[in-house]
Amino acid sequence: MVVPSAAGTEPRKVTINDVAASAGVSRQTVSRALNDKGEIDSETKQRVLDAARALGYRPSRFARGLVRQDTMTIGLVIPDLLNPFFTEVAAAALEAARTRGWQVVVYDTGDRAEEELGTLQVISSQVDAVIGYFSCPEGELEKFTRGMPVVLIGREQRTRFSAIRIDGEEGVHAAVAHLVATGHTRIGMLDHHTRAEPSIRHEWFTTAAREHGIDAGMVVGADQTADGGGAALRTLLGEHPDITAVFTFNDIIAIGALREARRLGRSVPRELAVIGFDGLQLGALVEPPLSSVALDTRQLGVLAIEQVARLLSGGEALAADDLVVRAALRLSGSA
């Protein structure tokens, strides 16, 4: 069968995307249904078969060969493998995928938008689904992943895709409340400065500080590295030498701030309290051990793989409220 085209043009052949659109599923789900693969429920499979029969779809021999692979391949896109946070998330996703017999290909974009687009071009024809971190416009993401399950991690703004969201608002409020309760009234923040706008964590900090009548304007941007944290702390203390506590965008920045405080001769936490965000295992290895608004990095990876499994099978996807990982204050030696 062919699908009618615009007037004056030749009708085109029915494609797998036509079947997917008719059945309301992904291209990968159509492939699995037509090739009698597992991980798809019977109702969805029948809907796909009915749509294919109604449209007269016939997959090519080449396409049938491609979809009869024994394993599924997931593309995991992260900004920076050198950042332990992303390494922990990737390790969890790899473990969760391995239990399903899936393969995961990891791509490091170097936190550069042009690398994201280049990666999407490469993987769009090589994987069955994509999970990870993206800062590119959603239109670009959709263009390269059309018909493919996509699960974003750490996306805070509204999105048309499935997204694992981090909610650290209560944890940040608890961190500021703890600092105020222990006598700190001059509290600064080291935010990231790799994006055009202040982070959501900066918004949480600002709201919490104002609730306690604390000046929320003492903020300096930092590269998301230990060296970046050290440099940012030098700038912050140069502008506001009376600061006695600092909250940071992440633990890596906080670890750099700890090192710089020591170099400047400031005792932590007696003269400068430091609280990070992430709860990395690395934080327990520094001296003093890092206090942090901690989240379960493993849960981020596990939830992403679980949602992909549901999208691939055509089953019921996890709701937005079930895709939230909440962070809580974990006190240690630095605050």
# chains A, B, ... in the order shown; residues from 1 in each chain; ligands from 1
$ select_by_dssp --residues "segment 163-292 of chain A" --states "alpha helix (DSSP H)" --output "PyMOL selection string"
chain A and resi 169-181+200-211+226-239+251-263
$ closest_atom_pairs --of "segment 109-133 of chain A" --to "segment 179-194 of chain A" --cutoff "12 Å" --atoms "only C-alpha atoms" --output "tab-separated table"
residue	atom	partner	partner_atom	distance
A:Gly110	CA	A:Thr194	CA	11.8
A:Asp111	CA	A:Thr194	CA	8.7
A:Arg112	CA	A:Thr194	CA	9.8
A:Ala113	CA	A:Thr194	CA	11.3
$ atom_distance --atom1 "atom CA of Val104 of chain A" --atom2 "atom CA of Pro79 of chain A"
16.0 Å
$ residues_around --residues "Phe85 of chain A" --least-positions-apart "3" --cutoff "12 Å" --atoms "only C-alpha atoms" --output "ChimeraX atom specification"
/A:78-82,88-92,154,224-225,250-253,277-283,294-298,300-301
